[in-house]
Each structure stands twice: as structure tokens, then as C-alpha cells.
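What follows is data.cif (mmCIF, C-alpha atoms).
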data_target
loop_
_atom_site.label_atom_id
_atom_site.label_comp_id
_atom_site.auth_asym_id
_atom_site.auth_seq_id
_atom_site.Cartn_x
_atom_site.Cartn_y
_atom_site.Cartn_z
CA MET A 1 22.58 20.92 -15.93
CA ARG A 2 20.91 23.15 -13.32
CA ASP A 3 17.24 22.57 -14.07
CA TRP A 4 15.33 20.16 -11.79
CA ASP A 5 13.41 18.82 -14.79
CA ASP A 6 16.70 17.76 -16.38
CA HIS A 7 17.86 16.07 -13.20
CA ARG A 8 14.47 14.37 -12.85
CA LEU A 9 14.78 12.94 -16.36
CA VAL A 10 18.26 11.58 -15.61
CA LEU A 11 17.06 10.10 -12.33
CA THR A 12 14.00 8.53 -13.95
CA LEU A 13 16.02 6.99 -16.78
CA HIS A 14 18.46 5.58 -14.24
CA ARG A 15 15.60 4.00 -12.30
CA GLN A 16 13.51 2.81 -15.24
CA GLY A 17 16.33 1.71 -17.52
CA THR A 18 14.63 2.38 -20.88
CA LEU A 19 13.32 5.36 -22.80
CA ARG A 20 9.80 3.94 -23.05
CA ALA A 21 9.49 3.14 -19.32
CA SER A 22 10.89 6.57 -18.46
CA GLY A 23 8.41 8.23 -20.77
CA ASP A 24 5.56 6.34 -19.14
CA ALA A 25 6.79 7.40 -15.70
CA LEU A 26 7.01 11.07 -16.70
CA GLY A 27 3.90 11.15 -18.88
CA VAL A 28 5.67 11.87 -22.17
CA THR A 29 6.69 9.84 -25.22
CA HIS A 30 9.94 7.90 -25.45
CA THR A 31 11.01 10.14 -28.34
CA THR A 32 10.67 13.17 -26.07
CA ILE A 33 12.91 11.45 -23.51
CA ALA A 34 15.49 10.67 -26.22
CA ARG A 35 15.43 14.25 -27.52
CA ARG A 36 15.75 15.78 -24.06
CA LEU A 37 18.54 13.39 -23.08
CA ALA A 38 20.48 14.32 -26.20
CA ALA A 39 20.09 18.02 -25.38
CA ILE A 40 21.22 17.44 -21.79
CA GLU A 41 24.26 15.39 -22.75
CA ALA A 42 25.26 17.96 -25.38
CA LYS A 43 25.95 20.38 -22.52
CA GLU A 44 27.88 17.86 -20.39
CA PRO A 45 31.64 17.15 -20.55
CA THR A 46 31.07 13.39 -20.83
CA PRO A 47 28.10 11.08 -21.53
CA LEU A 48 25.70 10.33 -18.69
CA PHE A 49 24.58 6.94 -20.02
CA THR A 50 25.81 4.07 -22.13
CA ARG A 51 23.28 2.22 -24.28
CA LEU A 52 23.03 -1.57 -24.27
CA GLY A 53 20.31 -2.42 -26.76
CA ARG A 54 17.23 -0.65 -25.44
CA ALA A 55 18.64 -0.43 -21.91
CA TYR A 56 20.43 2.64 -20.58
CA GLN A 57 23.09 2.33 -17.89
CA ALA A 58 24.53 5.33 -16.08
CA THR A 59 28.24 6.01 -16.55
CA GLU A 60 30.46 6.82 -13.58
CA TYR A 61 29.85 10.50 -14.22
CA GLY A 62 26.15 9.77 -14.73
CA LEU A 63 25.96 8.14 -11.30
CA GLU A 64 27.39 11.32 -9.78
CA ARG A 65 24.64 13.28 -11.50
CA VAL A 66 22.07 10.74 -10.26
CA ALA A 67 23.29 11.32 -6.69
CA VAL A 68 22.75 15.06 -7.11
CA ALA A 69 19.32 14.42 -8.63
CA LYS A 70 18.32 12.34 -5.59
CA GLN A 71 19.22 15.25 -3.31
CA MET A 72 17.18 17.62 -5.45
CA GLU A 73 14.26 15.17 -5.41
CA ALA A 74 14.36 14.99 -1.62
CA LEU A 75 14.29 18.80 -1.42
CA ASP A 76 11.39 18.91 -3.88
CA HIS A 77 9.41 16.43 -1.79
CA ALA A 78 10.22 18.39 1.39
CA ALA A 79 8.96 21.60 -0.22
CA THR A 80 5.75 19.85 -1.26
CA ARG A 81 5.19 18.59 2.29
CA LEU A 82 5.72 22.09 3.69
CA GLN A 83 3.15 23.40 1.23
CA ARG A 84 0.67 20.69 2.24
CA ARG A 85 0.94 21.45 5.94
CA SER A 86 0.63 25.20 5.50
CA GLY A 87 -2.45 26.92 6.84
CA ASP A 88 -4.24 26.45 10.11
CA THR A 89 -7.74 25.74 8.83
CA LEU A 90 -9.67 22.50 8.36
CA SER A 91 -9.96 22.93 4.61
CA GLY A 92 -8.23 22.06 1.38
CA PRO A 93 -6.94 18.79 -0.12
CA LEU A 94 -6.16 15.79 2.07
CA SER A 95 -5.35 12.23 1.01
CA LEU A 96 -5.61 8.90 2.83
CA SER A 97 -4.01 5.67 1.60
CA ILE A 98 -5.73 2.57 2.97
CA PRO A 99 -5.95 -1.14 2.14
CA GLN A 100 -9.14 -2.05 0.31
CA ALA A 101 -10.17 -4.61 2.94
CA VAL A 102 -9.76 -2.16 5.84
CA LEU A 103 -11.69 0.47 3.89
CA GLN A 104 -14.58 -1.83 3.03
CA TYR A 105 -14.93 -3.83 6.23
CA LEU A 106 -13.85 -1.39 8.94
CA LEU A 107 -13.82 2.29 7.95
CA LEU A 108 -16.21 3.04 5.10
CA ARG A 109 -18.89 4.54 7.34
CA ASP A 110 -16.37 6.42 9.50
CA ILE A 111 -14.75 8.01 6.45
CA GLY A 112 -18.18 9.16 5.34
CA ASP A 113 -18.79 10.62 8.80
CA PHE A 114 -15.46 12.47 8.62
CA ALA A 115 -16.35 13.96 5.25
CA GLN A 116 -19.67 15.22 6.62
CA ARG A 117 -18.03 16.61 9.76
CA TYR A 118 -15.42 18.55 7.74
CA PRO A 119 -17.16 19.63 4.52
CA HIS A 120 -14.36 22.02 3.52
CA ILE A 121 -11.72 19.28 3.44
CA GLU A 122 -11.31 17.78 -0.02
CA LEU A 123 -10.70 14.17 1.02
CA THR A 124 -9.18 11.74 -1.49
CA ILE A 125 -9.18 8.04 -0.61
CA VAL A 126 -6.56 5.86 -2.29
CA GLY A 127 -7.63 2.25 -1.77
CA THR A 128 -4.53 0.15 -2.37
CA ASP A 129 -2.60 -2.69 -0.81
CA GLN A 130 0.71 -1.04 -1.77
CA LEU A 131 2.47 1.00 0.89
CA ALA A 132 2.23 4.68 -0.03
CA ASP A 133 5.53 6.53 0.19
CA LEU A 134 4.93 9.43 2.56
CA ASP A 135 8.39 10.84 1.85
CA ARG A 136 7.45 11.20 -1.83
CA GLY A 137 4.03 12.67 -1.02
CA ASP A 138 1.98 9.71 -2.25
CA ALA A 139 -0.48 10.44 0.59
CA ASP A 140 -0.85 12.59 3.68
CA VAL A 141 -1.98 9.78 5.99
CA VAL A 142 -1.65 6.03 5.61
CA ILE A 143 -3.36 3.13 7.32
CA ARG A 144 -1.26 0.02 6.93
CA GLY A 145 -0.84 -3.49 8.19
CA GLN A 146 2.89 -3.80 8.77
CA ALA A 147 5.27 -5.41 11.21
CA ASN A 148 7.82 -2.58 11.25
CA PRO A 149 6.88 0.64 9.46
CA PRO A 150 9.66 3.15 8.67
CA GLY A 151 10.93 4.49 11.98
CA HIS A 152 10.82 8.17 11.06
CA LEU A 153 7.06 8.18 10.45
CA VAL A 154 4.77 9.34 13.26
CA GLY A 155 1.52 7.81 14.45
CA ARG A 156 0.50 4.78 16.44
CA LYS A 157 -0.16 1.09 16.28
CA ILE A 158 -3.80 0.27 16.93
CA CYS A 159 -3.48 -3.47 17.53
CA ASP A 160 -2.45 -6.68 15.81
CA VAL A 161 -4.47 -7.97 12.88
CA THR A 162 -5.31 -11.60 13.56
CA THR A 163 -6.30 -14.33 11.13
CA HIS A 164 -7.99 -17.70 11.40
CA HIS A 165 -8.96 -20.65 9.23
CA TYR A 166 -12.53 -20.49 7.95
CA ALA A 167 -15.02 -22.21 5.69
CA HIS A 168 -18.62 -21.67 4.66
CA ARG A 169 -20.86 -23.96 6.71
CA ASP A 170 -22.45 -25.34 3.52
CA TYR A 171 -19.03 -26.26 2.15
CA LEU A 172 -18.27 -28.26 5.29
CA ASP A 173 -21.67 -29.94 5.18
CA THR A 174 -21.56 -30.95 1.52
CA THR A 175 -17.86 -31.66 0.90
CA ARG A 176 -16.26 -34.86 2.14
CA PRO A 177 -13.09 -34.30 4.23
CA GLU A 178 -10.94 -36.02 1.58
CA ASP A 179 -12.32 -33.66 -1.11
CA ARG A 180 -11.78 -30.39 0.72
CA LYS A 181 -9.32 -27.91 -0.76
CA TRP A 182 -7.74 -24.64 0.22
CA ILE A 183 -8.03 -21.22 -1.37
CA ALA A 184 -4.61 -19.57 -1.02
CA ALA A 185 -2.43 -16.80 -2.38
CA ASP A 186 0.06 -19.33 -3.75
CA LYS A 187 0.64 -23.06 -3.83
CA GLN A 188 3.30 -23.02 -1.12
CA SER A 189 1.44 -21.42 1.78
CA ASP A 190 3.25 -22.23 5.03
CA TRP A 191 0.20 -21.51 7.18
CA ILE A 192 -1.60 -24.57 5.79
CA ALA A 193 0.85 -26.81 7.66
CA ASN A 194 -0.41 -25.31 10.96
CA SER A 195 -4.08 -25.52 9.99
CA PRO A 196 -6.68 -28.09 11.09
CA PHE A 197 -6.41 -29.70 7.63
CA PRO A 198 -2.69 -29.67 6.75
CA ASP A 199 -3.06 -32.48 4.20
CA CYS A 200 -5.72 -30.77 2.08
CA PRO A 201 -4.27 -29.46 -1.19
CA VAL A 202 -4.58 -25.96 -2.62
CA GLY A 203 -7.44 -25.99 -5.09
CA ILE A 204 -7.64 -22.30 -6.07
CA ILE A 205 -4.77 -19.80 -6.16
CA MET A 206 -5.88 -16.18 -5.68
CA PRO A 207 -3.21 -13.60 -4.83
CA ASP A 208 -5.81 -10.86 -4.30
CA ILE A 209 -7.15 -10.66 -0.71
CA GLN A 210 -10.61 -9.47 -1.71
CA SER A 211 -11.10 -12.14 -4.37
CA ARG A 212 -9.87 -14.82 -1.99
CA PHE A 213 -12.36 -13.78 0.65
CA LEU A 214 -15.24 -13.66 -1.81
CA ALA A 215 -14.40 -17.20 -2.91
CA LEU A 216 -14.32 -18.31 0.73
CA ALA A 217 -17.62 -16.59 1.52
CA SER A 218 -19.31 -18.20 -1.51
CA GLY A 219 -18.33 -21.70 -0.39
CA GLN A 220 -15.52 -22.44 -2.84
CA GLY A 221 -13.12 -23.92 -0.29
CA LEU A 222 -11.23 -23.51 2.97
CA SER A 223 -9.10 -20.44 3.52
CA ARG A 224 -7.32 -18.20 5.98
CA ALA A 225 -8.88 -14.77 6.44
CA ALA A 226 -8.56 -11.71 8.63
CA CYS A 227 -10.92 -12.04 11.56
CA PHE A 228 -12.39 -8.57 10.96
CA MET A 229 -13.55 -9.76 7.54
CA ALA A 230 -14.75 -13.23 8.42
CA GLU A 231 -16.25 -12.96 11.90
CA PRO A 232 -19.23 -10.76 10.92
CA HIS A 233 -20.20 -13.13 8.08
CA PRO A 234 -23.17 -15.23 9.27
CA ASP A 235 -22.22 -18.37 7.32
CA LEU A 236 -18.46 -18.53 7.89
CA VAL A 237 -17.23 -20.72 10.72
CA ARG A 238 -13.83 -21.21 12.28
CA LEU A 239 -12.26 -24.57 11.60
CA ASP A 240 -11.03 -25.03 15.18
CA SER A 241 -11.14 -23.34 18.58
CA ARG A 242 -7.56 -22.08 18.69
CA PRO A 243 -6.97 -18.34 19.22
CA GLY A 244 -6.50 -16.14 16.21
CA MET A 245 -3.00 -15.86 14.76
CA PRO A 246 -1.41 -12.37 14.81
CA LEU A 247 -0.31 -11.40 11.30
CA TYR A 248 1.04 -7.85 11.68
CA GLY A 249 0.27 -4.56 13.39
CA LEU A 250 -2.31 -2.10 12.10
CA TRP A 251 -0.89 1.43 12.03
CA VAL A 252 -2.14 4.99 11.39
CA LEU A 253 0.83 7.06 10.18
CA THR A 254 1.88 10.37 8.68
CA HIS A 255 5.12 12.14 7.85
CA PRO A 256 6.69 14.23 10.65
CA ASP A 257 6.53 17.29 8.39
CA LEU A 258 2.73 16.96 8.28
CA LYS A 259 1.94 16.09 11.89
CA ALA A 260 1.16 19.69 12.88
CA SER A 261 -1.40 20.20 10.12
CA PRO A 262 -4.89 20.60 11.66
CA LYS A 263 -6.58 18.56 8.94
CA VAL A 264 -3.98 15.77 9.17
CA LYS A 265 -4.41 15.66 12.94
CA ALA A 266 -8.19 15.57 12.56
CA LEU A 267 -8.06 12.67 10.09
CA MET A 268 -5.56 10.69 12.15
CA ARG A 269 -7.64 11.17 15.29
CA ALA A 270 -10.84 10.11 13.53
CA MET A 271 -9.28 6.99 11.99
CA THR A 272 -7.47 6.05 15.20
CA ASP A 273 -10.69 6.35 17.24
CA ALA A 274 -12.69 4.37 14.67
CA LEU A 275 -10.17 1.52 14.56
CA SER A 276 -9.71 1.51 18.34
CA ARG A 277 -13.45 0.97 18.79
CA GLN A 278 -13.12 -2.19 16.71
CA LYS A 279 -10.05 -3.69 18.39
CA ALA A 280 -12.00 -6.69 19.65
CA LEU A 281 -12.93 -7.60 16.07
CA ILE A 282 -9.57 -6.82 14.48
CA ALA A 283 -7.66 -8.89 17.05
CA ALA A 284 -10.40 -11.51 17.61
#

Now, as a test, write the supplied structure out as C-alpha cells.
Amino acid sequence: MRDWDDHRLVLTLHRQGTLRASGDALGVTHTTIARRLAAIEAKEPTPLFTRLGRAYQATEYGLERVAVAKQMEALDHAATRLQRRSGDTLSGPLSLSIPQAVLQYLLLRDIGDFAQRYPHIELTIVGTDQLADLDRGDADVVIRGQANPPGHLVGRKICDVTTHHYAHRDYLDTTRPEDRKWIAADKQSDWIANSPFPDCPVGIIMPDIQSRFLALASGQGLSRAACFMAEPHPDLVRLDSRPGMPLYGLWVLTHPDLKASPKVKALMRAMTDALSRQKALIAA
């Protein structure tokens, strides 16, 4: 087994555990995975996997092959990063991974300005709350709220993202204190205990940040929100006068293999400057 595609199949099956999940991950059918696995194992001195129902578990020899596949994967990702950083012009593909809330409330206009300033850069924005894996090439630059990002990444922390307890002024005016309820990501939200209304129950559970904020802004209950989202809203008010609560740091990061790329440097500089101008709002 010398082909990277064969090693990638073995590695994917080890990670996914079933033929169907592996097929979905590789963009082929589960029957294709089964056929390719049979062809691979036919050339090996011993089986790579044992089958337990629909689940596949790597044998001791299979785990050795998985270890080799991981090394090959790392080299493949490194080669891709080298290809991405090649060239000294401000042109070509470039991707930015960014949380939806930061995109919508802080950087939408600045990203548009960047695209106009560098018309030859093919900018792709991936709006997601999942941390993009820069080692795997999920993005070239990431903006993330995180306490401790991976230490090998390069970039800078802009400031802390602070939160506060808010409500729509109409909700406070029309809802009796004993009837007020929280909008939270789950029923056991520790921050409620430190809020101005610790005895109010959770009335609506919304794991999604954007949906939770929209419910807050439409007067559906009390909630905690990032200050950069809530402060500009004309009808949202803080529930007390305490300072905002730091949640995590806001970072602009890239992989060290990409830091010398002119277009990566241009994007990181533009996003860092844009966020720095809004520090007072982000850490209100």
C-alpha cells in the first residue's frame, strides 16, 4: 500500500468507523469504500480491520498503517499550505473563517472594503462558529473567540469579548418581575446565578447565538449577549450597572506556513485594524 488515496481511505475508515460514514466523508458510496478496502487488504499480509456489525475497528497491524497514513496526511497538508503561500502578488484564492456574529455585527463592511481594495484576490468567507483547522487547510485566516488558541498558530489577540445581561425595554415594561424568563443555550446556564434575576427560570432554550439574540431583540425574554451585538440596539437595555463580563479573547490567526504570503498578510492587517477600531464596543 503505497498510494496516498489508499492510506486516506484506511485513515478515514478508522476515524469514521463505518463504510457509509467514510463514503460520505470522501464523497463516494459505501459500496465503493467496501470494494476499495477489499482490494487494499488483498495486497496486505494481514487484515487491516475487524468488522463488528456495521462498525469497523482497526487491527494491531491496521493501527500501524493508520499511523503511517497520519504522517502522509500531515505531509499532504504541508504541501497544500506551501502551494497556497506561493507567489508574491495580491491575487488568487484566499479564505477567511469567521463566526457569523462577528461577520454580521463587526466586519461585514470592512470585508467588502477589502474586496474592493484587492479586486484580484478571490476572497471566500466561511461563516461558522466551528473552529477551522488551519493545519488541515480549512481556511487561510481565522477570526475566533477563544481562551487559548493552538500555540503554534501566529497572529494576535485583539481584546476580550465581553457580555452582559440584557432585555428589550418593552419586555421589562410589560412583564411582571415574577413572570420574567431567560433565553439561554441550555437549561443549566451557570451565568444566570450571577445575573440580576437569578431566580427567573429559563423559558426558551436556543443553542444558536444568532437565534438567541434575535429572540432577545424581539422582546421574548431576558438573555446574556455579547456587548458588540447588544449595545448598538436602540431598545436593548442592560439589566444592571456592573461592568461587562469577559468571555474569551478575540483572535486573528493564520498558520506559520502562510504568514509570509502577501495576501494573507493583507487580510490579517485589514481585519486586525478593523477589529482594533471597535475595541471599545467589543470589550464594553

Any idea what's packed within 12 Å of Ala167 of chain A, counting all atoms listed in the file, ignoring anything in its chain fewer than 5 positions away? Could you give it as an mmCIF file with C-alpha atoms, in the frame of the given file?
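Now in selection.cif:
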data_model
loop_
_atom_site.group_PDB
_atom_site.id
_atom_site.type_symbol
_atom_site.label_atom_id
_atom_site.label_comp_id
_atom_site.auth_asym_id
_atom_site.auth_seq_id
_atom_site.Cartn_x
_atom_site.Cartn_y
_atom_site.Cartn_z
ATOM 1 C CA LEU A 172 -18.270 -28.260 5.290
ATOM 2 C CA ASP A 173 -21.670 -29.940 5.180
ATOM 3 C CA THR A 174 -21.560 -30.950 1.520
ATOM 4 C CA THR A 175 -17.860 -31.660 0.900
ATOM 5 C CA ARG A 180 -11.780 -30.390 0.720
ATOM 6 C CA LYS A 181 -9.320 -27.910 -0.760
ATOM 7 C CA TRP A 182 -7.740 -24.640 0.220
ATOM 8 C CA ILE A 183 -8.030 -21.220 -1.370
ATOM 9 C CA PRO A 196 -6.680 -28.090 11.090
ATOM 10 C CA PHE A 197 -6.410 -29.700 7.630
ATOM 11 C CA ARG A 212 -9.870 -14.820 -1.990
ATOM 12 C CA PHE A 213 -12.360 -13.780 0.650
ATOM 13 C CA LEU A 214 -15.240 -13.660 -1.810
ATOM 14 C CA ALA A 215 -14.400 -17.200 -2.910
ATOM 15 C CA LEU A 216 -14.320 -18.310 0.730
ATOM 16 C CA ALA A 217 -17.620 -16.590 1.520
ATOM 17 C CA SER A 218 -19.310 -18.200 -1.510
ATOM 18 C CA GLY A 219 -18.330 -21.700 -0.390
ATOM 19 C CA GLN A 220 -15.520 -22.440 -2.840
ATOM 20 C CA GLY A 221 -13.120 -23.920 -0.290
ATOM 21 C CA LEU A 222 -11.230 -23.510 2.970
ATOM 22 C CA SER A 223 -9.100 -20.440 3.520
ATOM 23 C CA ARG A 224 -7.320 -18.200 5.980
ATOM 24 C CA ALA A 225 -8.880 -14.770 6.440
ATOM 25 C CA ALA A 230 -14.750 -13.230 8.420
ATOM 26 C CA GLU A 231 -16.250 -12.960 11.900
ATOM 27 C CA HIS A 233 -20.200 -13.130 8.080
ATOM 28 C CA PRO A 234 -23.170 -15.230 9.270
ATOM 29 C CA ASP A 235 -22.220 -18.370 7.320
ATOM 30 C CA LEU A 236 -18.460 -18.530 7.890
ATOM 31 C CA VAL A 237 -17.230 -20.720 10.720
ATOM 32 C CA ARG A 238 -13.830 -21.210 12.280
ATOM 33 C CA LEU A 239 -12.260 -24.570 11.600
ATOM 34 C CA ASP A 240 -11.030 -25.030 15.180
#

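With distances restricted to all atoms listed in the file, A:Pro99 is the closest residue to Arg144 of chain A from A:Gly17, A:Pro99, A:Pro47, A:Pro177.
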
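Rounded to one decimal, atom CA of Ala139 of chain A and atom CA of Leu247 of chain A lie 24.3 Å from each other.
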
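With distances restricted to all atoms listed in the file, A:Leu96 is the closest residue to Val126 of chain A from A:Ala283, A:Leu96, A:Val141, A:Leu103.
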
Which is closest to Leu131 of chain A among A:Val10, A:Val161, A:Leu253, A:Ile282, if we use all atoms listed in the file?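 Distance minimum relative to Leu131 of chain A lands on A:Leu253.
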
So that I can check the surroundings of segment 24-31 of chain A, please list as a PyMOL selection string every protein, DNA and RNA residue that reaches within 10 Å of it, counting all atoms listed in the file and ignoring chain neighbours fewer than 4 positions away. chain A and resi 8-9+12-13+16+18-20+35-37

From (0.4, 5.3, 17.6), in the file's coordinates, out to 8 Å: which residues are reached, counting all atoms listed in the file? Answer as a compact mmCIF listing (two decimals) with C-alpha atoms, keeping the file's coordinate frame.
# COMPACT_ATOMS: atom_id res chain seq x y z
CA VAL A 154 4.77 9.34 13.26
CA GLY A 155 1.52 7.81 14.45
CA ARG A 156 0.50 4.78 16.44
CA LYS A 157 -0.16 1.09 16.28
CA ILE A 158 -3.80 0.27 16.93
CA TRP A 251 -0.89 1.43 12.03
CA VAL A 252 -2.14 4.99 11.39
CA LEU A 253 0.83 7.06 10.18

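Reported to one decimal place, the separation of atom CA of Ile111 of chain A from atom CA of Gly151 of chain A is 26.5 Å.
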
Find the residue from A:Ala55, A:Pro119, A:Thr254, A:Ile98 that sits nearest to Arg269 of chain A; use only C-alpha atoms when measuring. A:Thr254

At most 9 Å from (1.4, 14.0, 7.0), file frame, all atoms listed in the file: which residues, as a PyMOL selection string? chain A and resi 81+84-85+134+137+139-142+153-154+253-261+264-265

Check the smallest atom-to-atom distance from each of A:Asp135, A:Ser22, A:Thr128, A:Gln188 to Leu75 of chain A using all atoms listed in the file, then report the winner. A:Asp135

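We find atom CA of Ala185 of chain A and atom CA of Tyr166 of chain A to be spaced 14.9 Å apart.
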
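Among the candidates A:Met271, A:Val68, A:Ile209, A:Ala21, the residue lying nearest to Arg54 of chain A is A:Ala21 (atoms considered: all atoms listed in the file).
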
Carefully work through the PyMOL selection byres ((chain A and resi 61) around 12) for this structure and note down the residues it includes, as a PDB file with C-alpha atoms, in the coordinates of the input.
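Contents of expr-v1.pdb, freshly written:
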ATOM      1  CA  VAL A  10      18.260  11.580 -15.610  1.00  0.00           C
ATOM      2  CA  GLU A  41      24.260  15.390 -22.750  1.00  0.00           C
ATOM      3  CA  GLU A  44      27.880  17.860 -20.390  1.00  0.00           C
ATOM      4  CA  PRO A  45      31.640  17.150 -20.550  1.00  0.00           C
ATOM      5  CA  THR A  46      31.070  13.390 -20.830  1.00  0.00           C
ATOM      6  CA  PRO A  47      28.100  11.080 -21.530  1.00  0.00           C
ATOM      7  CA  LEU A  48      25.700  10.330 -18.690  1.00  0.00           C
ATOM      8  CA  PHE A  49      24.580   6.940 -20.020  1.00  0.00           C
ATOM      9  CA  THR A  50      25.810   4.070 -22.130  1.00  0.00           C
ATOM     10  CA  GLN A  57      23.090   2.330 -17.890  1.00  0.00           C
ATOM     11  CA  ALA A  58      24.530   5.330 -16.080  1.00  0.00           C
ATOM     12  CA  THR A  59      28.240   6.010 -16.550  1.00  0.00           C
ATOM     13  CA  GLU A  60      30.460   6.820 -13.580  1.00  0.00           C
ATOM     14  CA  GLY A  62      26.150   9.770 -14.730  1.00  0.00           C
ATOM     15  CA  LEU A  63      25.960   8.140 -11.300  1.00  0.00           C
ATOM     16  CA  GLU A  64      27.390  11.320  -9.780  1.00  0.00           C
ATOM     17  CA  ARG A  65      24.640  13.280 -11.500  1.00  0.00           C
ATOM     18  CA  VAL A  66      22.070  10.740 -10.260  1.00  0.00           C
ATOM     19  CA  ALA A  67      23.290  11.320  -6.690  1.00  0.00           C
ATOM     20  CA  VAL A  68      22.750  15.060  -7.110  1.00  0.00           C
TER      21      VAL A  68
END

For the structure shown, which residues end up in the PyMOL selection byres ((chain A and resi 274-279) around 8)? Put them as a list in words, please?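 On the file shown, the PyMOL selection byres ((chain A and resi 274-279) around 8) covers Leu106, Leu107, Asp110, Ile158, Cys159, Ala270, Met271, Thr272, Asp273, Ala280, Leu281, Ile282, Ala283 and Ala284 of chain A.
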